[in-house]
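Report on the structure given below.
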Amino acid sequence: MPINFEKPTAQTDWKNATFAAAQITIKAFGITDPASAAKTAVSLYPIIEKFNEAIAGIETRTPENLAYKWLSLTLAEATAQILNRLRRETILQASTLDGATRTFLEKAMDIRPAAKFDTLAIESPASHDAFEPAKSALGDLISSVTSWTEWDSKKWQVAFDECIAQASQKIFATCHDDLSGIINTVSGPASAALHKEIAWARHYEWINKLFQLDPVFSPDGKVETPLSELYIRQRCYWHEEYEVESKDSRDIKKRWRAYLGDLHEVIEEWLSNSKKQPIHVITGGPGSGKSSFAKALASETAERGRHRVLFVELQRMALSKDLYRDIEGYFKKRHRPTGNIGSPGFDANPLDWAKTDNRPVLIVFDGLDEITQDSEHAKEIARDFILNVHRLLNEQNTDGGQLRAVILGRNAACQNGLDAAGLPLETMLNVAPIRKLDQDDLLPATRSHEDGNNVDFVELPESLIADQRPDYWDKWQRSQGLQQPEVPNAITAAELSDLNVEPLLLHLLILSDFCGDRWKEASQNRNLVYYDILTQIHTRNKKEDKAGKQLCQRQFFLLMECLGLTAWHGNLRTGDEKTFMSIRDIHALTLKRELKNFAQADLDSMVLQTHARKVDGAEPGFEFIHKSFGEYLAARALVNIAQRTVRRMNNSDDPIDEETATQEWVKLVGTAELTPEILKFLKDEVKQEQDSASLQATKSALETLLVWVDTNGMPVGAEVSGSFRTKENVQRCAETALFAVAFSVTQQLGRASETTERLQIAWDDKSYGPIRMLHRLQATTEGIAKQILGKLNLAKAKLTYANLHNSDLSGADLSGANLRGADLSKANLSRANLSRAILRRAYLIMAHLRGADLRGADLIRADLIEADLRGADLRGAKLIEADLSRADLRGADLRGADLSGADLSRANLSRANLGGAYLIKAELSGAELQSADLADCTLALISARSADFTKTDHLDPNTVKSFFGVRSGNGKTLLPAHCDYPEFWHVADDGETENWEQHQRYETAYRGWRAKQALYRPTTAA
């Protein structure tokens, strides 16, 4: 039954009330003042409240009154939306905006007598007669608020129709209880359709709240700016894989082509093309802006109205093998039929509606890397989830649906999921850093081509590679009314790259006390920033009536460390309640005596005190705003545990023994793996201690514990549940953590005392103790323990065939150590003491040996390809038949070294001292010898094609006659002016480029010449 539009009798000026409502919405959109949007709710609820006040006291709220209310509010919202769309394309005239809006609404509210509220108002409000006056007045509004003289009237009429439709849905959703009277008058299919539209509108209201209303993080809680005011449009890069044939057509090789684009534009183009894969995976590290993009994408897509949008917070979803039912359960559990913040859920499964909807559905799955707090199973869960989403989309779309999905997670786990689902590589879009980009930023992270030789790059437009950090600062300072357009040094300083290349960490830096003049302090130790942020939070808690108000700063940080250790046991961003309580009862035990209400220091109260978020679902717990908070607090806790252990061991009244001390490490560390990020925070935390005496006492106590552990092992008893393998893992993790703290303390003691300090461990087995410890800590695999060996005394250790690839052994004492056959490729051995070490047949490919002491070392047949030996001391070293091709030996001391038969092709020997060295039969083709000292150097029978001797010292003509080179043509050997070219040297063809045939002809000539020479090897070289 149609209903007339009738003004409520208690309100005499509904036109002014409608105008006031429109003003509120306009201000919320930031149409007249963009900064005001940070302080005004975008939600319609302030408008609704104003109208509720306007109609207060009405004795009868007739259907006619309610129909009028719906029309008034819909016009207010639609007016604000169309003005917001105009603002995106032109600057609105602030001086005429209020007057023009008032005039427009007066005309729009001139309702025609024949207009009735009926089913058409619900099903297609933009076609309803009640809105015809507003449509007729739209042109006057546009000409009044813009400087346009011409515009596409058809385009803006269509846009206004969309605004009316969206506004009507919002009003029905937000005023559902008030408007239920007229909803009930609609019978049949229309009411079911309306029910769905209201459900969608309430979900969009909640999505808009996430992006356009909720304030961003601030430690003091004073920042009211929403994400939408600070958001910078993300960039992304992706890869296509293709195959190429080798020149001889025998092999097919894979190559990758890298692309760069605006992430929003890439996704929008994908959404508009129904023929493309129905799934995209967005990857990036923590803090890279994945969740911000997810909220922006959902909000903007919902606003455009071409797709239905579902936003799923995966950390709140319980997963089984049936994803369809999981989604249904998630939305039903989170359904809110009333309330002023929309609804994250639905009362039915929206996937059922998608089958008959004329609009496609986009599902945004945010937080794939936060599904579980178990880091060991995270990759498996992520892989299975992507596979299940792919299957679900195929099933639903085959059954008539039009579903698309965007999944946001981390790279490695997502790559496994793509492979399992058989999805092409370009399905995965990687979020790019916000600093200025170059080609290295676009290299695939999960492929085996570290140098990028197998990657082709498309042209990178300047508009896409520009540094975005100044843009973020500009948005920030404007939103806060700072009037500081000059970008602070901290925002773009390379020294702060740990803190200013990810949006979230950059935001934290700005909020800290280290964005101004003190930024260089933070560049030396980023822990200062985290300490400052948490201190601000504690100060806020003390001022406000919050849980834990009675905590002093020491107590607050102690409980924060409990959260950090708990997160460490999870995935470093999230943790569960049970683990927190068990850690708190050990790590914060002293608070039992200090606090009257220790029991109230539970997880809920601690989450309230921080900006951590409580997580529901299968594993109730909490989530840090960024996982680096968990890493910082876990590192801080490890230092605290070590210091507490030392105090208790040195307590003269009641000292604890080594077994008791190590039991605490076992209980608190458990199966938590040390990570590179925690190790870095750990080093920086210890770095703040400058008292040498305190550091020495801590070092000595930790050495005592490490000796005891070497003999007895970590004390894992019955209190540790699980298999023996689990207990073995607990032992390894606890010992690694203890060793990491000892390493960091020793490193800092050396800095503070300006001495060379080493960890002195009296091994239970002096010969094999070190290698057994390395095996226990998995330092001989790819474990993090490889990065904490540099301060260990490994002199004379037996480390034969040890896998120390990529280890950090800088400054290590390996003098006299047996490293025969060891893999030290890419290891950092700079300034290490390797004198008299046995490195025969060792793999030192691309090893960093700058400034290393290798005097008298046995490097016979060692592989040193591309090794960095700048400034290394190799006096008397045996390098017989060693491969030093492309090695960097600039400034190296090779006096008396035996390089007989060594391969030095294309090696850089500039400024090297080769006095008295033996290079008999060595390969020096392409070697660079500028300013090298060749005094008394034996160069007999060497091959010197393309070698440059022009600026060497002490090269005499007779020596030149003892080796072979190229007299002219391609590959010519370059000699100083005082040396003549021997007649027997090779004459090569001339040409701009050399080829394989030329090289082979030279090699044939060299071997033929050498065969004619008498065996030459002085007895002194033996």
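To be explicit about the labels: the chains of the structure tokens are called A, B, and onward in the order shown, and within each one the residues are counted from 1, while ligands get numbers from 1 in the order they are shown.
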
request  = Check range 608-829 of chain A with DSSP on the backbone and list each residue it calls strand (DSSP E), as a ChimeraX atom specification.
outcome  = /A:613-615,621-623

inquiry  = Considering only alpha helix (DSSP H) as DSSP defines it on the backbone, what residues of range 63-234 of chain A qualify? List them as a PyMOL selection string.
reply    = chain A and resi 63-89+94-108+119-123+132-145+153-174+180-184+189-208+227-230

Export of prior selection with C-alpha atoms as an mmCIF file, in the first residue's frame:
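Resulting contents of result-v3.cif:
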```
data_model
loop_
_atom_site.group_PDB
_atom_site.id
_atom_site.type_symbol
_atom_site.label_atom_id
_atom_site.label_comp_id
_atom_site.auth_asym_id
_atom_site.auth_seq_id
_atom_site.Cartn_x
_atom_site.Cartn_y
_atom_site.Cartn_z
ATOM 1 C CA PRO A 63 3.988 5.755 8.496
ATOM 2 C CA GLU A 64 3.648 9.075 6.659
ATOM 3 C CA ASN A 65 6.010 10.760 9.153
ATOM 4 C CA LEU A 66 8.540 7.946 8.804
ATOM 5 C CA ALA A 67 8.369 8.065 5.002
ATOM 6 C CA TYR A 68 9.142 11.790 5.175
ATOM 7 C CA LYS A 69 12.065 11.097 7.501
ATOM 8 C CA TRP A 70 13.463 8.506 5.083
ATOM 9 C CA LEU A 71 13.188 10.947 2.178
ATOM 10 C CA SER A 72 14.805 13.813 4.110
ATOM 11 C CA LEU A 73 17.740 11.790 5.334
ATOM 12 C CA THR A 74 18.264 10.142 1.943
ATOM 13 C CA LEU A 75 18.395 13.547 0.256
ATOM 14 C CA ALA A 76 20.853 14.843 2.875
ATOM 15 C CA GLU A 77 23.166 11.879 2.368
ATOM 16 C CA ALA A 78 22.841 11.873 -1.446
ATOM 17 C CA THR A 79 23.628 15.610 -1.544
ATOM 18 C CA ALA A 80 26.783 15.119 0.496
ATOM 19 C CA GLN A 81 27.844 12.184 -1.711
ATOM 20 C CA ILE A 82 27.417 14.080 -4.989
ATOM 21 C CA LEU A 83 29.345 17.050 -3.576
ATOM 22 C CA ASN A 84 32.095 14.663 -2.516
ATOM 23 C CA ARG A 85 32.282 13.276 -6.059
ATOM 24 C CA LEU A 86 32.479 16.799 -7.451
ATOM 25 C CA ARG A 87 35.297 17.586 -5.012
ATOM 26 C CA ARG A 88 37.364 14.770 -6.487
ATOM 27 C CA GLU A 89 37.317 16.429 -9.902
ATOM 28 C CA ALA A 94 33.576 27.500 -0.367
ATOM 29 C CA SER A 95 31.940 30.941 -0.466
ATOM 30 C CA THR A 96 28.831 29.685 -2.260
ATOM 31 C CA LEU A 97 28.643 26.131 -0.932
ATOM 32 C CA ASP A 98 26.316 26.683 2.029
ATOM 33 C CA GLY A 99 23.871 28.902 0.138
ATOM 34 C CA ALA A 100 23.818 26.671 -2.935
ATOM 35 C CA THR A 101 23.272 23.551 -0.816
ATOM 36 C CA ARG A 102 20.404 25.189 1.077
ATOM 37 C CA THR A 103 18.741 26.319 -2.161
ATOM 38 C CA PHE A 104 19.179 22.876 -3.711
ATOM 39 C CA LEU A 105 17.605 21.102 -0.737
ATOM 40 C CA GLU A 106 14.687 23.528 -0.628
ATOM 41 C CA LYS A 107 13.935 22.662 -4.240
ATOM 42 C CA ALA A 108 14.550 18.957 -3.626
ATOM 43 C CA THR A 119 7.885 -0.650 -3.401
ATOM 44 C CA LEU A 120 9.692 1.356 -6.084
ATOM 45 C CA ALA A 121 11.200 3.529 -3.334
ATOM 46 C CA ILE A 122 12.795 0.385 -1.932
ATOM 47 C CA GLU A 123 13.720 -1.443 -5.110
ATOM 48 C CA GLU A 132 12.559 14.218 -9.459
ATOM 49 C CA PRO A 133 12.740 17.767 -7.961
ATOM 50 C CA ALA A 134 16.279 17.052 -6.751
ATOM 51 C CA LYS A 135 17.313 15.753 -10.178
ATOM 52 C CA SER A 136 15.895 18.834 -11.851
ATOM 53 C CA ALA A 137 17.838 21.094 -9.471
ATOM 54 C CA LEU A 138 21.158 19.241 -9.849
ATOM 55 C CA GLY A 139 22.419 21.392 -12.734
ATOM 56 C CA ASP A 140 21.939 24.601 -10.737
ATOM 57 C CA LEU A 141 23.818 23.082 -7.808
ATOM 58 C CA ILE A 142 26.795 22.108 -9.980
ATOM 59 C CA SER A 143 27.010 25.525 -11.639
ATOM 60 C CA SER A 144 26.827 27.243 -8.206
ATOM 61 C CA VAL A 145 29.510 25.245 -6.376
ATOM 62 C CA SER A 153 25.069 16.423 -17.643
ATOM 63 C CA LYS A 154 24.321 12.783 -18.442
ATOM 64 C CA LYS A 155 27.380 11.634 -16.503
ATOM 65 C CA TRP A 156 26.417 13.620 -13.417
ATOM 66 C CA GLN A 157 22.769 12.562 -13.555
ATOM 67 C CA VAL A 158 23.907 8.928 -13.549
ATOM 68 C CA ALA A 159 26.281 9.714 -10.687
ATOM 69 C CA PHE A 160 23.443 11.338 -8.713
ATOM 70 C CA ASP A 161 21.238 8.294 -9.296
ATOM 71 C CA GLU A 162 23.999 6.132 -7.790
ATOM 72 C CA CYS A 163 24.252 8.479 -4.808
ATOM 73 C CA ILE A 164 20.485 8.286 -4.214
ATOM 74 C CA ALA A 165 20.530 4.478 -4.341
ATOM 75 C CA GLN A 166 23.473 4.226 -1.932
ATOM 76 C CA ALA A 167 22.039 6.872 0.378
ATOM 77 C CA SER A 168 18.695 5.081 0.588
ATOM 78 C CA GLN A 169 20.393 1.829 1.531
ATOM 79 C CA LYS A 170 22.393 3.564 4.238
ATOM 80 C CA ILE A 171 19.338 5.256 5.727
ATOM 81 C CA PHE A 172 17.388 2.005 5.842
ATOM 82 C CA ALA A 173 20.403 0.357 7.481
ATOM 83 C CA THR A 174 21.156 3.028 10.049
ATOM 84 C CA SER A 180 10.583 -0.687 10.601
ATOM 85 C CA GLY A 181 6.992 0.571 10.383
ATOM 86 C CA ILE A 182 7.144 1.364 6.695
ATOM 87 C CA ILE A 183 9.360 -1.659 6.013
ATOM 88 C CA ASN A 184 6.589 -3.884 7.370
ATOM 89 C CA PRO A 189 9.839 -10.160 -2.555
ATOM 90 C CA ALA A 190 10.478 -6.488 -1.988
ATOM 91 C CA SER A 191 10.833 -6.972 1.768
ATOM 92 C CA ALA A 192 13.365 -9.774 1.258
ATOM 93 C CA ALA A 193 15.302 -7.614 -1.173
ATOM 94 C CA LEU A 194 15.215 -4.734 1.270
ATOM 95 C CA HIS A 195 16.444 -6.979 4.053
ATOM 96 C CA LYS A 196 19.469 -7.880 1.967
ATOM 97 C CA GLU A 197 20.132 -4.289 0.962
ATOM 98 C CA ILE A 198 20.032 -3.207 4.592
ATOM 99 C CA ALA A 199 22.447 -5.985 5.525
ATOM 100 C CA TRP A 200 24.881 -4.919 2.789
ATOM 101 C CA ALA A 201 24.551 -1.262 3.788
ATOM 102 C CA ARG A 202 25.290 -2.012 7.439
ATOM 103 C CA HIS A 203 28.352 -4.012 6.403
ATOM 104 C CA TYR A 204 29.559 -1.096 4.277
ATOM 105 C CA GLU A 205 28.979 1.247 7.204
ATOM 106 C CA TRP A 206 31.329 -0.927 9.275
ATOM 107 C CA ILE A 207 33.915 -1.015 6.468
ATOM 108 C CA ASN A 208 33.771 2.777 6.167
ATOM 109 C CA LEU A 227 43.416 6.218 8.110
ATOM 110 C CA SER A 228 41.711 7.754 5.074
ATOM 111 C CA GLU A 229 43.331 11.130 5.747
ATOM 112 C CA LEU A 230 46.878 9.698 5.859
#
```

request  = Within 12 Å of Lys961 in chain A, counting only C-alpha atoms, which residues show up once you throw out same-chain ones fewer than 6 positions away? Write them as a list of chain:residue names, please.
outcome  =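 Residues near the query, excluding close chain neighbours: A:Thr938, A:Leu939, A:Ala940, A:Leu941, A:Ile942, A:Ser943, A:Ala944, A:Leu955, A:Leu975, A:Cys979, A:Asp980, A:Tyr981, A:Pro982, A:Glu983, A:Phe984, A:Trp985, A:Trp1009, A:Gln1013.
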
Restricted to all heavy atoms, what would the selected residues look like written as a compact mmCIF listing (two decimals), in the first residue's frame?
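Dumped to selection-v4.txt:
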```txt
# COMPACT_ATOMS: atom_id res chain seq x y z
N THR A 938 107.95 -14.63 -8.51
CA THR A 938 108.18 -15.63 -9.55
C THR A 938 106.92 -15.79 -10.38
O THR A 938 105.89 -16.23 -9.88
CB THR A 938 108.57 -16.98 -8.92
OG1 THR A 938 109.72 -16.81 -8.09
CG2 THR A 938 108.85 -18.01 -10.00
N LEU A 939 107.03 -15.41 -11.69
CA LEU A 939 105.87 -15.45 -12.59
C LEU A 939 106.07 -16.45 -13.72
O LEU A 939 105.40 -16.37 -14.76
CB LEU A 939 105.64 -14.06 -13.18
CG LEU A 939 105.28 -12.94 -12.18
CD1 LEU A 939 105.31 -11.60 -12.87
CD2 LEU A 939 103.91 -13.19 -11.58
N ALA A 940 106.94 -17.42 -13.52
CA ALA A 940 107.26 -18.37 -14.58
C ALA A 940 106.04 -19.18 -15.00
O ALA A 940 105.27 -19.65 -14.17
CB ALA A 940 108.36 -19.32 -14.10
N LEU A 941 105.91 -19.29 -16.34
CA LEU A 941 104.89 -20.12 -16.97
C LEU A 941 103.46 -19.66 -16.75
O LEU A 941 102.50 -20.39 -17.00
CB LEU A 941 105.03 -21.59 -16.51
CG LEU A 941 106.42 -22.23 -16.70
CD1 LEU A 941 106.38 -23.66 -16.23
CD2 LEU A 941 106.83 -22.16 -18.16
N ILE A 942 103.27 -18.44 -16.29
CA ILE A 942 101.90 -17.98 -16.08
C ILE A 942 101.25 -17.62 -17.41
O ILE A 942 101.93 -17.35 -18.40
CB ILE A 942 101.83 -16.75 -15.14
CG1 ILE A 942 102.41 -15.50 -15.84
CG2 ILE A 942 102.48 -17.01 -13.81
CD1 ILE A 942 102.08 -14.21 -15.10
N SER A 943 99.92 -17.61 -17.45
CA SER A 943 99.16 -17.16 -18.61
C SER A 943 98.61 -15.78 -18.28
O SER A 943 97.91 -15.60 -17.29
CB SER A 943 98.00 -18.13 -18.89
OG SER A 943 97.14 -17.59 -19.87
N ALA A 944 98.95 -14.80 -19.13
CA ALA A 944 98.63 -13.41 -18.80
C ALA A 944 97.82 -12.72 -19.90
O ALA A 944 97.97 -11.53 -20.14
CB ALA A 944 99.90 -12.64 -18.53
N LEU A 955 108.59 -4.91 -12.17
CA LEU A 955 108.48 -5.93 -13.21
C LEU A 955 109.62 -5.71 -14.19
O LEU A 955 109.67 -4.71 -14.89
CB LEU A 955 107.13 -5.83 -13.94
CG LEU A 955 106.92 -6.86 -15.07
CD1 LEU A 955 106.87 -8.28 -14.51
CD2 LEU A 955 105.65 -6.54 -15.85
N LEU A 975 101.85 -4.15 -21.03
CA LEU A 975 103.13 -4.12 -20.32
C LEU A 975 103.59 -2.68 -20.11
O LEU A 975 103.23 -1.78 -20.88
CB LEU A 975 104.19 -4.88 -21.10
CG LEU A 975 103.98 -6.38 -21.29
CD1 LEU A 975 105.06 -6.95 -22.20
CD2 LEU A 975 103.96 -7.10 -19.95
N CYS A 979 109.33 -2.59 -20.88
CA CYS A 979 109.36 -4.02 -21.18
C CYS A 979 108.93 -4.25 -22.63
O CYS A 979 107.88 -3.74 -23.07
CB CYS A 979 108.44 -4.79 -20.25
SG CYS A 979 108.96 -4.79 -18.52
N ASP A 980 109.73 -5.03 -23.36
CA ASP A 980 109.39 -5.39 -24.73
C ASP A 980 108.52 -6.64 -24.76
O ASP A 980 108.60 -7.49 -23.87
CB ASP A 980 110.67 -5.65 -25.53
CG ASP A 980 111.52 -4.39 -25.67
OD1 ASP A 980 110.92 -3.28 -25.72
OD2 ASP A 980 112.75 -4.51 -25.69
N TYR A 981 107.73 -6.74 -25.84
CA TYR A 981 106.88 -7.93 -25.99
C TYR A 981 107.71 -9.07 -26.57
O TYR A 981 108.33 -8.91 -27.64
CB TYR A 981 105.71 -7.62 -26.91
CG TYR A 981 104.62 -6.80 -26.24
CD1 TYR A 981 104.69 -5.40 -26.23
CD2 TYR A 981 103.56 -7.42 -25.60
CE1 TYR A 981 103.70 -4.65 -25.62
CE2 TYR A 981 102.57 -6.66 -24.98
CZ TYR A 981 102.64 -5.28 -24.98
OH TYR A 981 101.67 -4.54 -24.37
N PRO A 982 107.79 -10.21 -25.92
CA PRO A 982 108.56 -11.35 -26.46
C PRO A 982 107.98 -11.80 -27.81
O PRO A 982 106.76 -11.75 -28.04
CB PRO A 982 108.36 -12.44 -25.39
CG PRO A 982 108.04 -11.68 -24.13
CD PRO A 982 107.25 -10.50 -24.58
N GLU A 983 108.88 -12.24 -28.68
CA GLU A 983 108.47 -12.67 -30.01
C GLU A 983 107.60 -13.93 -29.97
O GLU A 983 106.76 -14.14 -30.85
CB GLU A 983 109.71 -12.93 -30.87
CG GLU A 983 110.47 -11.67 -31.27
CD GLU A 983 109.64 -10.76 -32.15
OE1 GLU A 983 108.88 -11.29 -32.99
OE2 GLU A 983 109.72 -9.53 -31.98
N PHE A 984 107.79 -14.76 -28.94
CA PHE A 984 107.05 -16.02 -28.90
C PHE A 984 105.61 -15.84 -28.39
O PHE A 984 104.83 -16.79 -28.38
CB PHE A 984 107.79 -17.06 -28.04
CG PHE A 984 107.97 -16.66 -26.59
CD1 PHE A 984 106.97 -16.88 -25.65
CD2 PHE A 984 109.15 -16.06 -26.17
CE1 PHE A 984 107.14 -16.52 -24.33
CE2 PHE A 984 109.34 -15.69 -24.84
CZ PHE A 984 108.32 -15.92 -23.90
N TRP A 985 105.28 -14.65 -27.98
CA TRP A 985 103.91 -14.43 -27.47
C TRP A 985 102.90 -14.55 -28.61
O TRP A 985 103.21 -14.36 -29.78
CB TRP A 985 103.80 -13.05 -26.82
CG TRP A 985 104.27 -13.04 -25.37
CD1 TRP A 985 105.10 -13.93 -24.78
CD2 TRP A 985 103.92 -12.07 -24.38
NE1 TRP A 985 105.30 -13.60 -23.47
CE2 TRP A 985 104.57 -12.44 -23.19
CE3 TRP A 985 103.13 -10.92 -24.38
CZ2 TRP A 985 104.46 -11.71 -22.00
CZ3 TRP A 985 103.01 -10.19 -23.21
CH2 TRP A 985 103.67 -10.58 -22.02
N TRP A 1009 103.35 -23.63 -26.07
CA TRP A 1009 104.58 -22.97 -25.58
C TRP A 1009 105.04 -23.58 -24.28
O TRP A 1009 106.24 -23.85 -24.09
CB TRP A 1009 104.30 -21.48 -25.40
CG TRP A 1009 105.42 -20.75 -24.68
CD1 TRP A 1009 106.59 -20.32 -25.22
CD2 TRP A 1009 105.46 -20.42 -23.29
NE1 TRP A 1009 107.38 -19.73 -24.27
CE2 TRP A 1009 106.69 -19.78 -23.06
CE3 TRP A 1009 104.59 -20.61 -22.22
CZ2 TRP A 1009 107.08 -19.32 -21.79
CZ3 TRP A 1009 104.95 -20.14 -20.98
CH2 TRP A 1009 106.19 -19.50 -20.76
N GLN A 1013 108.74 -25.79 -22.57
CA GLN A 1013 109.60 -25.28 -21.51
C GLN A 1013 110.04 -26.40 -20.59
O GLN A 1013 109.29 -27.36 -20.34
CB GLN A 1013 108.88 -24.19 -20.69
CG GLN A 1013 108.21 -23.12 -21.52
CD GLN A 1013 109.17 -22.48 -22.51
OE1 GLN A 1013 110.25 -22.00 -22.15
NE2 GLN A 1013 108.77 -22.50 -23.78
```

request  = Do a neighbour search on range 632-639 of chain A at 8 Å with only C-alpha atoms, toss out local chain neighbours closer than 5 positions, and write the hits as a PyMOL selection string.
outcome  = chain A and resi 527+530+558+560-565+567-568+678-679+681-682+685-686+737+741

message = I need the residue nearest Asp765 in chain A from this list: A:Ala977, A:Pro2, A:Val707, A:Arg841. Use only C-alpha atoms for the distance.
response =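 Looking at the shortest contact to Asp765 in chain A, the residue is A:Val707.
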
ask   = Skipping near chain neighbours, those fewer than 6 positions away, what residues fall within 7 Å of Ala887 in chain A using only C-alpha atoms, listed as a list in words?
value = Leu864, Ile865, Glu866, Ala867, Asp868, Ala907 and Asn908 of chain A

query = Near Arg758 in chain A, counting only C-alpha atoms, which residues have an atom at most 12 Å away, once you skip same-chain residues fewer than 4 positions from it, shown as a count of residues only?
reply = 27

Best match for closeness to Leu551 in chain A among A:Glu594, A:Glu673, A:Glu659, A:Asp654, counting only C-alpha atoms =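 Answer, going by the shortest atom-to-atom distance: A:Glu594.
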
request  = For Asn913 in chain A, please output as a PyMOL selection string all residues within 6 Å (counting only C-alpha atoms; exclusion window: fewer than 4 positions along the same chain).
outcome  = chain A and resi 893-894+932-933

Dump of N, CA, C and O atoms for the selected residues, as a PDB file, in the first residue's frame:
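So result_35.pdb came out as:
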```pdb
ATOM      1  N   ASP A 893      98.294  -8.405   1.227  1.00  0.00           N
ATOM      2  CA  ASP A 893      99.718  -8.684   1.434  1.00  0.00           C
ATOM      3  C   ASP A 893      99.959 -10.154   1.149  1.00  0.00           C
ATOM      4  O   ASP A 893      99.582 -11.024   1.929  1.00  0.00           O
ATOM      5  N   LEU A 894     100.587 -10.431  -0.016  1.00  0.00           N
ATOM      6  CA  LEU A 894     100.830 -11.808  -0.463  1.00  0.00           C
ATOM      7  C   LEU A 894     102.321 -12.130  -0.484  1.00  0.00           C
ATOM      8  O   LEU A 894     102.764 -13.047  -1.185  1.00  0.00           O
ATOM      9  N   ALA A 932     100.623  -2.953  -8.279  1.00  0.00           N
ATOM     10  CA  ALA A 932     101.020  -4.151  -7.530  1.00  0.00           C
ATOM     11  C   ALA A 932     102.541  -4.216  -7.444  1.00  0.00           C
ATOM     12  O   ALA A 932     103.253  -3.860  -8.388  1.00  0.00           O
ATOM     13  N   ASP A 933     103.045  -4.682  -6.298  1.00  0.00           N
ATOM     14  CA  ASP A 933     104.492  -4.800  -6.088  1.00  0.00           C
ATOM     15  C   ASP A 933     104.920  -6.217  -6.414  1.00  0.00           C
ATOM     16  O   ASP A 933     104.525  -7.168  -5.742  1.00  0.00           O
TER      17      ASP A 933
END
```
